[in-house]
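Chemist: You'll find run.pdb just under this line, and it carries PDB, C-alpha atoms.
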MODEL        1
ATOM      1  CA  MET L 149     -24.133 -20.434  34.486  1.00  0.00           C
ATOM      2  CA  GLN L 150     -27.280 -20.144  36.535  1.00  0.00           C
ATOM      3  CA  PRO L 151     -30.400 -18.303  35.347  1.00  0.00           C
ATOM      4  CA  ASP L 152     -31.468 -15.106  37.049  1.00  0.00           C
ATOM      5  CA  GLU L 153     -34.353 -15.334  39.471  1.00  0.00           C
ATOM      6  CA  PRO L 154     -37.643 -14.733  37.607  1.00  0.00           C
ATOM      7  CA  SER L 155     -38.765 -12.368  40.332  1.00  0.00           C
ATOM      8  CA  ARG L 156     -35.830 -10.066  39.611  1.00  0.00           C
ATOM      9  CA  ARG L 157     -35.659 -10.329  35.808  1.00  0.00           C
ATOM     10  CA  GLY L 158     -39.286 -10.815  34.781  1.00  0.00           C
ATOM     11  CA  ALA L 159     -40.924 -13.902  33.316  1.00  0.00           C
ATOM     12  CA  ASP L 160     -37.807 -15.097  31.449  1.00  0.00           C
ATOM     13  CA  PRO L 161     -34.989 -16.114  33.826  1.00  0.00           C
ATOM     14  CA  TRP L 162     -32.402 -16.037  30.989  1.00  0.00           C
ATOM     15  CA  LEU L 163     -33.305 -12.531  29.806  1.00  0.00           C
ATOM     16  CA  GLY L 164     -29.958 -10.984  30.657  1.00  0.00           C
ATOM     17  CA  HIS L 165     -27.871 -13.686  28.988  1.00  0.00           C
ATOM     18  CA  TYR L 166     -29.047 -13.728  25.375  1.00  0.00           C
ATOM     19  CA  ALA L 167     -26.809 -12.682  22.488  1.00  0.00           C
ATOM     20  CA  GLN L 168     -27.514  -9.228  21.062  1.00  0.00           C
ATOM     21  CA  ARG L 169     -28.859 -10.734  17.838  1.00  0.00           C
ATOM     22  CA  ALA L 170     -31.590 -12.500  19.815  1.00  0.00           C
ATOM     23  CA  ALA L 171     -33.301  -9.163  20.414  1.00  0.00           C
ATOM     24  CA  GLY L 172     -34.398  -9.086  16.773  1.00  0.00           C
ATOM     25  CA  MET L 173     -35.673 -12.652  16.627  1.00  0.00           C
ATOM     26  CA  VAL L 174     -39.370 -13.228  16.012  1.00  0.00           C
ATOM     27  CA  ALA L 175     -41.528 -16.322  15.772  1.00  0.00           C
ATOM     28  CA  SER L 176     -41.079 -18.285  12.536  1.00  0.00           C
ATOM     29  CA  GLU L 177     -43.793 -17.588   9.972  1.00  0.00           C
ATOM     30  CA  VAL L 178     -43.116 -20.977   8.402  1.00  0.00           C
ATOM     31  CA  ARG L 179     -43.617 -22.760  11.705  1.00  0.00           C
ATOM     32  CA  ALA L 180     -46.955 -20.996  12.139  1.00  0.00           C
ATOM     33  CA  LEU L 181     -47.940 -21.866   8.561  1.00  0.00           C
ATOM     34  CA  PHE L 182     -47.153 -25.564   8.955  1.00  0.00           C
ATOM     35  CA  ALA L 183     -48.906 -25.690  12.304  1.00  0.00           C
ATOM     36  CA  VAL L 184     -52.114 -24.699  10.524  1.00  0.00           C
ATOM     37  CA  ALA L 185     -51.469 -26.660   7.310  1.00  0.00           C
ATOM     38  CA  SER L 186     -50.919 -29.904   9.216  1.00  0.00           C
ATOM     39  CA  ARG L 187     -54.465 -29.888  10.577  1.00  0.00           C
ATOM     40  CA  SER L 188     -56.582 -32.624   8.996  1.00  0.00           C
ATOM     41  CA  GLU L 189     -59.415 -30.283   8.026  1.00  0.00           C
ATOM     42  CA  ILE L 190     -57.104 -27.876   6.166  1.00  0.00           C
ATOM     43  CA  VAL L 191     -56.157 -28.158   2.490  1.00  0.00           C
ATOM     44  CA  SER L 192     -53.297 -25.683   2.232  1.00  0.00           C
ATOM     45  CA  LEU L 193     -51.783 -24.366  -0.992  1.00  0.00           C
ATOM     46  CA  ALA L 194     -49.473 -22.002   0.896  1.00  0.00           C
ATOM     47  CA  GLY L 195     -46.695 -24.332   1.992  1.00  0.00           C
ATOM     48  CA  GLY L 196     -44.389 -26.607   0.047  1.00  0.00           C
ATOM     49  CA  MET L 197     -45.654 -29.776   1.715  1.00  0.00           C
ATOM     50  CA  PRO L 198     -45.330 -32.950  -0.390  1.00  0.00           C
ATOM     51  CA  ASN L 199     -48.340 -35.185  -0.854  1.00  0.00           C
ATOM     52  CA  VAL L 200     -46.825 -38.216   0.853  1.00  0.00           C
ATOM     53  CA  SER L 201     -49.913 -40.300   0.196  1.00  0.00           C
ATOM     54  CA  ALA L 202     -48.974 -40.237  -3.496  1.00  0.00           C
ATOM     55  CA  LEU L 203     -45.523 -41.718  -2.864  1.00  0.00           C
ATOM     56  CA  PRO L 204     -44.986 -45.379  -3.804  1.00  0.00           C
ATOM     57  CA  MET L 205     -44.087 -46.438  -0.282  1.00  0.00           C
ATOM     58  CA  ASP L 206     -43.222 -50.017  -1.285  1.00  0.00           C
ATOM     59  CA  ALA L 207     -40.706 -48.745  -3.843  1.00  0.00           C
ATOM     60  CA  VAL L 208     -39.266 -46.236  -1.382  1.00  0.00           C
ATOM     61  CA  ALA L 209     -38.885 -48.961   1.248  1.00  0.00           C
ATOM     62  CA  ALA L 210     -37.149 -51.253  -1.259  1.00  0.00           C
ATOM     63  CA  LEU L 211     -34.735 -48.505  -2.271  1.00  0.00           C
ATOM     64  CA  MET L 212     -33.925 -47.740   1.349  1.00  0.00           C
ATOM     65  CA  ALA L 213     -33.310 -51.438   2.026  1.00  0.00           C
ATOM     66  CA  ASP L 214     -30.989 -51.682  -0.976  1.00  0.00           C
ATOM     67  CA  LEU L 215     -29.133 -48.571   0.162  1.00  0.00           C
ATOM     68  CA  VAL L 216     -28.513 -49.949   3.643  1.00  0.00           C
ATOM     69  CA  THR L 217     -27.563 -53.393   2.293  1.00  0.00           C
ATOM     70  CA  GLU L 218     -25.194 -52.164  -0.421  1.00  0.00           C
ATOM     71  CA  ARG L 219     -23.819 -48.915   1.063  1.00  0.00           C
ATOM     72  CA  GLY L 220     -24.868 -48.943   4.683  1.00  0.00           C
ATOM     73  CA  SER L 221     -21.358 -48.400   6.012  1.00  0.00           C
ATOM     74  CA  ILE L 222     -21.194 -45.183   3.989  1.00  0.00           C
ATOM     75  CA  ALA L 223     -24.812 -43.998   4.160  1.00  0.00           C
ATOM     76  CA  LEU L 224     -24.981 -44.345   7.952  1.00  0.00           C
ATOM     77  CA  GLN L 225     -21.590 -42.750   8.650  1.00  0.00           C
ATOM     78  CA  TYR L 226     -20.485 -39.127   8.802  1.00  0.00           C
ATOM     79  CA  GLY L 227     -19.406 -37.909   5.390  1.00  0.00           C
ATOM     80  CA  SER L 228     -17.774 -34.961   3.710  1.00  0.00           C
ATOM     81  CA  ALA L 229     -19.192 -31.590   4.681  1.00  0.00           C
ATOM     82  CA  GLN L 230     -19.338 -30.776   0.960  1.00  0.00           C
ATOM     83  CA  GLY L 231     -21.502 -33.789   0.168  1.00  0.00           C
ATOM     84  CA  ASP L 232     -20.897 -37.242  -1.295  1.00  0.00           C
ATOM     85  CA  PRO L 233     -17.974 -37.063  -3.771  1.00  0.00           C
ATOM     86  CA  SER L 234     -19.699 -39.221  -6.383  1.00  0.00           C
ATOM     87  CA  LEU L 235     -22.810 -37.033  -6.205  1.00  0.00           C
ATOM     88  CA  ARG L 236     -20.705 -33.898  -6.679  1.00  0.00           C
ATOM     89  CA  GLU L 237     -19.025 -35.466  -9.700  1.00  0.00           C
ATOM     90  CA  THR L 238     -22.427 -36.311 -11.173  1.00  0.00           C
ATOM     91  CA  ILE L 239     -23.629 -32.751 -10.585  1.00  0.00           C
ATOM     92  CA  CYS L 240     -20.620 -31.409 -12.485  1.00  0.00           C
ATOM     93  CA  THR L 241     -21.325 -33.803 -15.360  1.00  0.00           C
ATOM     94  CA  VAL L 242     -24.928 -32.641 -15.608  1.00  0.00           C
ATOM     95  CA  MET L 243     -23.962 -28.955 -15.338  1.00  0.00           C
ATOM     96  CA  ALA L 244     -21.335 -29.387 -18.091  1.00  0.00           C
ATOM     97  CA  GLU L 245     -24.203 -30.121 -20.481  1.00  0.00           C
ATOM     98  CA  GLU L 246     -25.524 -26.645 -19.601  1.00  0.00           C
ATOM     99  CA  GLY L 247     -22.153 -25.068 -20.410  1.00  0.00           C
ATOM    100  CA  ILE L 248     -21.026 -24.679 -16.789  1.00  0.00           C
ATOM    101  CA  ASP L 249     -17.465 -25.909 -16.262  1.00  0.00           C
ATOM    102  CA  ALA L 250     -16.903 -26.800 -12.606  1.00  0.00           C
ATOM    103  CA  HIS L 251     -14.801 -29.141 -10.497  1.00  0.00           C
ATOM    104  CA  PRO L 252     -16.367 -31.334  -7.778  1.00  0.00           C
ATOM    105  CA  ASP L 253     -14.359 -29.360  -5.223  1.00  0.00           C
ATOM    106  CA  ASP L 254     -16.360 -26.282  -6.282  1.00  0.00           C
ATOM    107  CA  VAL L 255     -19.675 -27.948  -5.388  1.00  0.00           C
ATOM    108  CA  VAL L 256     -21.299 -27.994  -1.954  1.00  0.00           C
ATOM    109  CA  VAL L 257     -24.345 -30.237  -1.541  1.00  0.00           C
ATOM    110  CA  THR L 258     -26.723 -28.950   1.134  1.00  0.00           C
ATOM    111  CA  ILE L 259     -29.709 -30.624   2.764  1.00  0.00           C
ATOM    112  CA  GLY L 260     -31.958 -27.935   1.293  1.00  0.00           C
ATOM    113  CA  SER L 261     -32.171 -24.290   0.321  1.00  0.00           C
ATOM    114  CA  GLN L 262     -32.340 -23.215   3.956  1.00  0.00           C
ATOM    115  CA  GLN L 263     -28.877 -24.575   4.759  1.00  0.00           C
ATOM    116  CA  ALA L 264     -27.512 -22.925   1.621  1.00  0.00           C
ATOM    117  CA  LEU L 265     -29.034 -19.588   2.615  1.00  0.00           C
ATOM    118  CA  ASP L 266     -27.611 -19.901   6.115  1.00  0.00           C
ATOM    119  CA  LEU L 267     -24.125 -20.633   4.763  1.00  0.00           C
ATOM    120  CA  VAL L 268     -24.265 -17.663   2.371  1.00  0.00           C
ATOM    121  CA  ALA L 269     -25.469 -15.332   5.120  1.00  0.00           C
ATOM    122  CA  ARG L 270     -22.891 -16.618   7.596  1.00  0.00           C
ATOM    123  CA  VAL L 271     -19.990 -16.146   5.177  1.00  0.00           C
ATOM    124  CA  PHE L 272     -20.946 -12.874   3.489  1.00  0.00           C
ATOM    125  CA  LEU L 273     -23.173 -10.806   5.785  1.00  0.00           C
ATOM    126  CA  ASP L 274     -22.072  -8.534   8.605  1.00  0.00           C
ATOM    127  CA  PRO L 275     -24.498  -6.855  11.011  1.00  0.00           C
ATOM    128  CA  GLY L 276     -26.021  -3.837   9.286  1.00  0.00           C
ATOM    129  CA  ASP L 277     -25.401  -5.069   5.728  1.00  0.00           C
ATOM    130  CA  THR L 278     -28.116  -4.617   3.110  1.00  0.00           C
ATOM    131  CA  VAL L 279     -29.594  -7.454   1.057  1.00  0.00           C
ATOM    132  CA  VAL L 280     -31.690  -6.557  -1.970  1.00  0.00           C
ATOM    133  CA  THR L 281     -34.503  -9.007  -2.690  1.00  0.00           C
ATOM    134  CA  GLU L 282     -37.535  -9.287  -4.890  1.00  0.00           C
ATOM    135  CA  GLY L 283     -40.786  -8.160  -3.342  1.00  0.00           C
ATOM    136  CA  PRO L 284     -42.324 -10.409  -2.250  1.00  0.00           C
ATOM    137  CA  THR L 285     -39.727 -13.085  -1.632  1.00  0.00           C
ATOM    138  CA  TYR L 286     -39.177 -16.384   0.163  1.00  0.00           C
ATOM    139  CA  VAL L 287     -40.180 -15.655   3.748  1.00  0.00           C
ATOM    140  CA  THR L 288     -37.625 -17.978   5.344  1.00  0.00           C
ATOM    141  CA  ALA L 289     -34.808 -16.261   3.453  1.00  0.00           C
ATOM    142  CA  LEU L 290     -35.857 -13.002   5.090  1.00  0.00           C
ATOM    143  CA  GLY L 291     -35.733 -14.709   8.474  1.00  0.00           C
ATOM    144  CA  THR L 292     -32.212 -15.977   7.765  1.00  0.00           C
ATOM    145  CA  PHE L 293     -30.959 -12.536   6.720  1.00  0.00           C
ATOM    146  CA  ALA L 294     -32.558 -10.967   9.802  1.00  0.00           C
ATOM    147  CA  ALA L 295     -30.931 -13.575  12.062  1.00  0.00           C
ATOM    148  CA  TYR L 296     -27.544 -12.340  10.817  1.00  0.00           C
ATOM    149  CA  GLN L 297     -28.674  -8.750  11.460  1.00  0.00           C
ATOM    150  CA  ALA L 298     -28.866  -7.738   7.820  1.00  0.00           C
ATOM    151  CA  ARG L 299     -31.505  -5.400   6.394  1.00  0.00           C
ATOM    152  CA  ALA L 300     -33.652  -6.455   3.423  1.00  0.00           C
ATOM    153  CA  VAL L 301     -34.724  -3.948   0.746  1.00  0.00           C
ATOM    154  CA  HIS L 302     -37.351  -5.053  -1.770  1.00  0.00           C
ATOM    155  CA  VAL L 303     -37.523  -4.421  -5.526  1.00  0.00           C
ATOM    156  CA  ASP L 304     -40.742  -4.488  -7.532  1.00  0.00           C
ATOM    157  CA  MET L 305     -41.674  -7.349  -9.858  1.00  0.00           C
ATOM    158  CA  ASP L 306     -44.228  -7.898 -12.577  1.00  0.00           C
ATOM    159  CA  GLU L 307     -45.508 -10.990 -14.373  1.00  0.00           C
ATOM    160  CA  ARG L 308     -42.086 -11.406 -16.050  1.00  0.00           C
ATOM    161  CA  GLY L 309     -39.990 -11.189 -12.895  1.00  0.00           C
ATOM    162  CA  VAL L 310     -37.907  -8.525 -11.198  1.00  0.00           C
ATOM    163  CA  LEU L 311     -37.692  -5.162 -12.987  1.00  0.00           C
ATOM    164  CA  PRO L 312     -34.057  -4.507 -14.052  1.00  0.00           C
ATOM    165  CA  GLU L 313     -34.578  -0.728 -14.074  1.00  0.00           C
ATOM    166  CA  ALA L 314     -36.018  -0.796 -10.549  1.00  0.00           C
ATOM    167  CA  LEU L 315     -33.113  -2.983  -9.440  1.00  0.00           C
ATOM    168  CA  ALA L 316     -30.567  -0.528 -10.872  1.00  0.00           C
ATOM    169  CA  GLU L 317     -32.346   2.410  -9.217  1.00  0.00           C
ATOM    170  CA  THR L 318     -32.386   0.589  -5.862  1.00  0.00           C
ATOM    171  CA  PHE L 319     -28.660  -0.140  -6.058  1.00  0.00           C
ATOM    172  CA  ALA L 320     -27.966   3.502  -6.930  1.00  0.00           C
ATOM    173  CA  ARG L 321     -30.179   4.795  -4.108  1.00  0.00           C
ATOM    174  CA  LEU L 322     -28.449   2.583  -1.554  1.00  0.00           C
ATOM    175  CA  GLU L 323     -25.068   3.654  -2.891  1.00  0.00           C
ATOM    176  CA  ARG L 324     -25.986   7.340  -2.490  1.00  0.00           C
ATOM    177  CA  ALA L 325     -27.134   6.616   1.064  1.00  0.00           C
ATOM    178  CA  GLY L 326     -23.715   5.143   1.885  1.00  0.00           C
ATOM    179  CA  ARG L 327     -24.898   1.584   2.454  1.00  0.00           C
ATOM    180  CA  PRO L 328     -24.438  -0.299  -0.827  1.00  0.00           C
ATOM    181  CA  ALA L 329     -26.099  -3.677  -1.184  1.00  0.00           C
ATOM    182  CA  LYS L 330     -23.978  -6.648  -0.175  1.00  0.00           C
ATOM    183  CA  LEU L 331     -25.862  -9.075  -2.394  1.00  0.00           C
ATOM    184  CA  PHE L 332     -28.986  -9.536  -4.483  1.00  0.00           C
ATOM    185  CA  TYR L 333     -31.172 -12.506  -3.579  1.00  0.00           C
ATOM    186  CA  THR L 334     -33.463 -13.773  -6.334  1.00  0.00           C
ATOM    187  CA  VAL L 335     -35.575 -16.819  -7.127  1.00  0.00           C
ATOM    188  CA  PRO L 336     -35.594 -16.519 -10.932  1.00  0.00           C
ATOM    189  CA  THR L 337     -37.591 -19.638 -11.812  1.00  0.00           C
ATOM    190  CA  PHE L 338     -41.058 -20.303 -10.315  1.00  0.00           C
ATOM    191  CA  GLN L 339     -40.468 -17.536  -7.814  1.00  0.00           C
ATOM    192  CA  ASN L 340     -41.537 -18.195  -4.244  1.00  0.00           C
ATOM    193  CA  PRO L 341     -44.181 -16.953  -3.438  1.00  0.00           C
ATOM    194  CA  ALA L 342     -45.218 -15.077  -6.609  1.00  0.00           C
ATOM    195  CA  GLY L 343     -44.819 -18.081  -8.930  1.00  0.00           C
ATOM    196  CA  VAL L 344     -43.412 -16.047 -11.840  1.00  0.00           C
ATOM    197  CA  THR L 345     -40.322 -16.896 -13.900  1.00  0.00           C
ATOM    198  CA  LEU L 346     -37.752 -14.242 -14.783  1.00  0.00           C
ATOM    199  CA  ALA L 347     -37.936 -13.630 -18.539  1.00  0.00           C
ATOM    200  CA  ALA L 348     -34.912 -14.825 -20.511  1.00  0.00           C
ATOM    201  CA  GLU L 349     -34.019 -11.385 -21.890  1.00  0.00           C
ATOM    202  CA  ARG L 350     -34.139  -9.889 -18.385  1.00  0.00           C
ATOM    203  CA  ARG L 351     -31.685 -12.355 -16.897  1.00  0.00           C
ATOM    204  CA  LEU L 352     -28.678 -10.928 -18.710  1.00  0.00           C
ATOM    205  CA  ARG L 353     -29.842  -7.397 -17.899  1.00  0.00           C
ATOM    206  CA  VAL L 354     -30.129  -8.261 -14.206  1.00  0.00           C
ATOM    207  CA  LEU L 355     -26.639  -9.771 -14.231  1.00  0.00           C
ATOM    208  CA  GLU L 356     -25.227  -6.654 -15.878  1.00  0.00           C
ATOM    209  CA  VAL L 357     -26.982  -4.387 -13.363  1.00  0.00           C
ATOM    210  CA  CYS L 358     -25.390  -6.408 -10.540  1.00  0.00           C
ATOM    211  CA  ARG L 359     -21.944  -6.299 -12.149  1.00  0.00           C
ATOM    212  CA  ARG L 360     -22.077  -2.500 -12.586  1.00  0.00           C
ATOM    213  CA  ALA L 361     -23.254  -1.983  -9.016  1.00  0.00           C
ATOM    214  CA  GLY L 362     -20.530  -4.311  -7.737  1.00  0.00           C
ATOM    215  CA  ARG L 363     -17.821  -2.415  -9.581  1.00  0.00           C
ATOM    216  CA  ARG L 364     -19.083   0.898  -8.168  1.00  0.00           C
ATOM    217  CA  ALA L 365     -19.200  -0.516  -4.628  1.00  0.00           C
ATOM    218  CA  ARG L 366     -15.624  -1.810  -4.796  1.00  0.00           C
ATOM    219  CA  PHE L 367     -14.350   1.473  -6.207  1.00  0.00           C
ATOM    220  CA  SER L 368     -16.218   3.683  -3.728  1.00  0.00           C
ATOM    221  CA  HIS L 369     -16.039   1.615  -0.563  1.00  0.00           C
ATOM    222  CA  GLY L 370     -13.400  -1.055  -1.095  1.00  0.00           C
ATOM    223  CA  ARG L 371     -15.847  -3.794  -0.190  1.00  0.00           C
ATOM    224  CA  THR L 372     -17.756  -6.599  -1.826  1.00  0.00           C
ATOM    225  CA  GLY L 373     -20.778  -5.467  -3.813  1.00  0.00           C
ATOM    226  CA  PRO L 374     -23.764  -7.193  -5.405  1.00  0.00           C
ATOM    227  CA  GLY L 375     -21.873  -7.778  -8.642  1.00  0.00           C
ATOM    228  CA  ASP L 376     -19.676 -10.295  -6.823  1.00  0.00           C
ATOM    229  CA  LEU L 377     -22.463 -12.502  -5.541  1.00  0.00           C
ATOM    230  CA  PHE L 378     -25.622 -13.518  -7.343  1.00  0.00           C
ATOM    231  CA  THR L 379     -27.564 -15.959  -5.188  1.00  0.00           C
ATOM    232  CA  VAL L 380     -30.396 -18.153  -6.340  1.00  0.00           C
ATOM    233  CA  GLY L 381     -32.965 -19.384  -3.884  1.00  0.00           C
ATOM    234  CA  PRO L 382     -35.263 -22.391  -3.815  1.00  0.00           C
TER     235      PRO L 382
ENDMDL
END
As structure tokens, how would this structure be written, given the file I've shared?

Modeler:
Amino acid sequence: MQPDEPSRRGADPWLGHYAQRAAGMVASEVRALFAVASRSEIVSLAGGMPNVSALPMDAVAALMADLVTERGSIALQYGSAQGDPSLRETICTVMAEEGIDAHPDDVVVTIGSQQALDLVARVFLDPGDTVVTEGPTYVTALGTFAAYQARAVHVDMDERGVLPEALAETFARLERAGRPAKLFYTVPTFQNPAGVTLAAERRLRVLEVCRRAGRRARFSHGRTGPGDLFTVGP
């Protein structure tokens, strides 16, 4: 495929070939943030950038050397898309101590929250779907939802996290409008960017609000509702 002539199509020779979803794409806020934060004269508290100067580089180098020496044929080869089997088994062992019974096949290890968000959006969101989120929320999550052409609706928070009553009212309002929420995205612990933690007594209330809304959505529209998916961000 050859690009169109710039003189006929404007400054961008590929303008007529982009996917429809590309029309809603905007510059990454995170990329702009890190471009500023990486400047030597800036001390930024806005981005989650590790203080690499505090890392014990000698210890890290020794660990990397041991990894390559002892498991190089595994560490440097393609692996399971779900993550290392032994790591998934260890995760299940740790989670069992929290009362969560899971099988390693139920666990997917991602390279970070962004990959997890992309997978969730890819599997569950159709163009035009509605995602309910806390306001404010993790800015890159909003970018991921927008990339899959979903619409984000925000719910108020206070110093103890998202307001269950406001969440219930938002679900009901969207239901009345004929576009029930597909999922509720929350960062319940050390919320990004507000920094608050959802109070313990609210967590069960939030879950119940989602379950009720999900049951209503399935009954009214025959589709998945927020009670079927409760996602936790970074």

Chemist: Any chance you could resolve the PyMOL selection byres ((chain L and resi 325-329) around 6) against this file and give the residues as a compact mmCIF listing (two decimals) with C-alpha atoms, in the coordinates of the input?

Modeler:
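Saved as out14.txt:
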# COMPACT_ATOMS: atom_id res chain seq x y z
CA THR L 278 -28.12 -4.62 3.11
CA VAL L 279 -29.59 -7.45 1.06
CA LEU L 322 -28.45 2.58 -1.55
CA GLU L 323 -25.07 3.65 -2.89
CA ARG L 324 -25.99 7.34 -2.49
CA LYS L 330 -23.98 -6.65 -0.18
CA LEU L 331 -25.86 -9.07 -2.39
CA PRO L 374 -23.76 -7.19 -5.40

Chemist: Fewer than 6 positions away in the same chain doesn't count, so skip those; otherwise give me all residues within 10 Å of L:Ala289, counting only C-alpha atoms, as a list in words.

Modeler: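 That gives Ser261, Gln262, Leu265, Asp266, Ala269, Thr281, Ala295, Ala300, Tyr333, Gly381 and Pro382 of chain L.
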
Chemist: Find the residues near L:Pro284: any atom within 12 Å, counting only C-alpha atoms, skip ones fewer than 5 places away on the same chain, and give them as a list in words.

Modeler: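 The residues satisfying every condition are Ala289, Leu290, Ala300, Val301, His302, Val303, Asp304, Met305, Asp306, Gly309, Val310, Tyr333, Thr334, Val335, Gln339, Asn340, Pro341, Ala342, Gly343 and Val344 of chain L.
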
Chemist: Taking all atoms of stretch 264-267 of chain L that the file lists, what box with edges along x, y and z, padded by 6 Å per side, do you get, with centre and edge lengths in Å to one decimal, as AutoDock Vina command-line options?

Modeler:
--center_x -26.6 --center_y -21.3 --center_z 3.9 --size_x 16.9 --size_y 15.3 --size_z 16.5

Chemist: What does the distance from atom CA of L:Gly231 to atom CA of L:His251 come to in Å, to one decimal?

Modeler: 13.4 Å

Chemist: Determine, counting only C-alpha atoms, which protein, DNA and RNA residues have an atom within 9 Å of an atom of L:Arg308; residues of the same chain fewer than 5 positions away are not included. Present the result as a ChimeraX atom specification.

Modeler: /L:344-347,350

Chemist: If you measure from atom CA of L:Pro252 to atom CA of L:Arg236, what distance in Å do you get, rounded to one decimal?

Modeler: 5.2 Å

Chemist: I need the output of the PyMOL selection byres ((chain L and resi 253) around 9) for this file as a list of chain:residue names; which residues are they?

Modeler: L:Gln230, L:Pro233, L:Arg236, L:Glu237, L:Ala250, L:His251, L:Pro252, L:Asp254, L:Val255, L:Val256

Chemist: So what does the PyMOL selection byres ((chain L and resi 169-171) around 12) actually pick up in this one, as a PyMOL selection string?

Modeler: chain L and resi 162-168+172-175+274-276+292-298

Chemist: With all atoms listed in the file as the counted atoms, please give the residues lying no more than 10 Å from L:Val354, apart from itself and same-chain residues fewer than 4 positions off, as a list of chain:residue names.

Modeler: L:Val310, L:Leu311, L:Pro312, L:Glu313, L:Leu315, L:Ala316, L:Phe332, L:Leu346, L:Glu349, L:Arg350, L:Cys358, L:Arg359, L:Gly375, L:Phe378

Chemist: Using Å and a single decimal, report how far atom CA of L:Ala264 sits from atom CA of L:Ala229.

Modeler: 12.4 Å
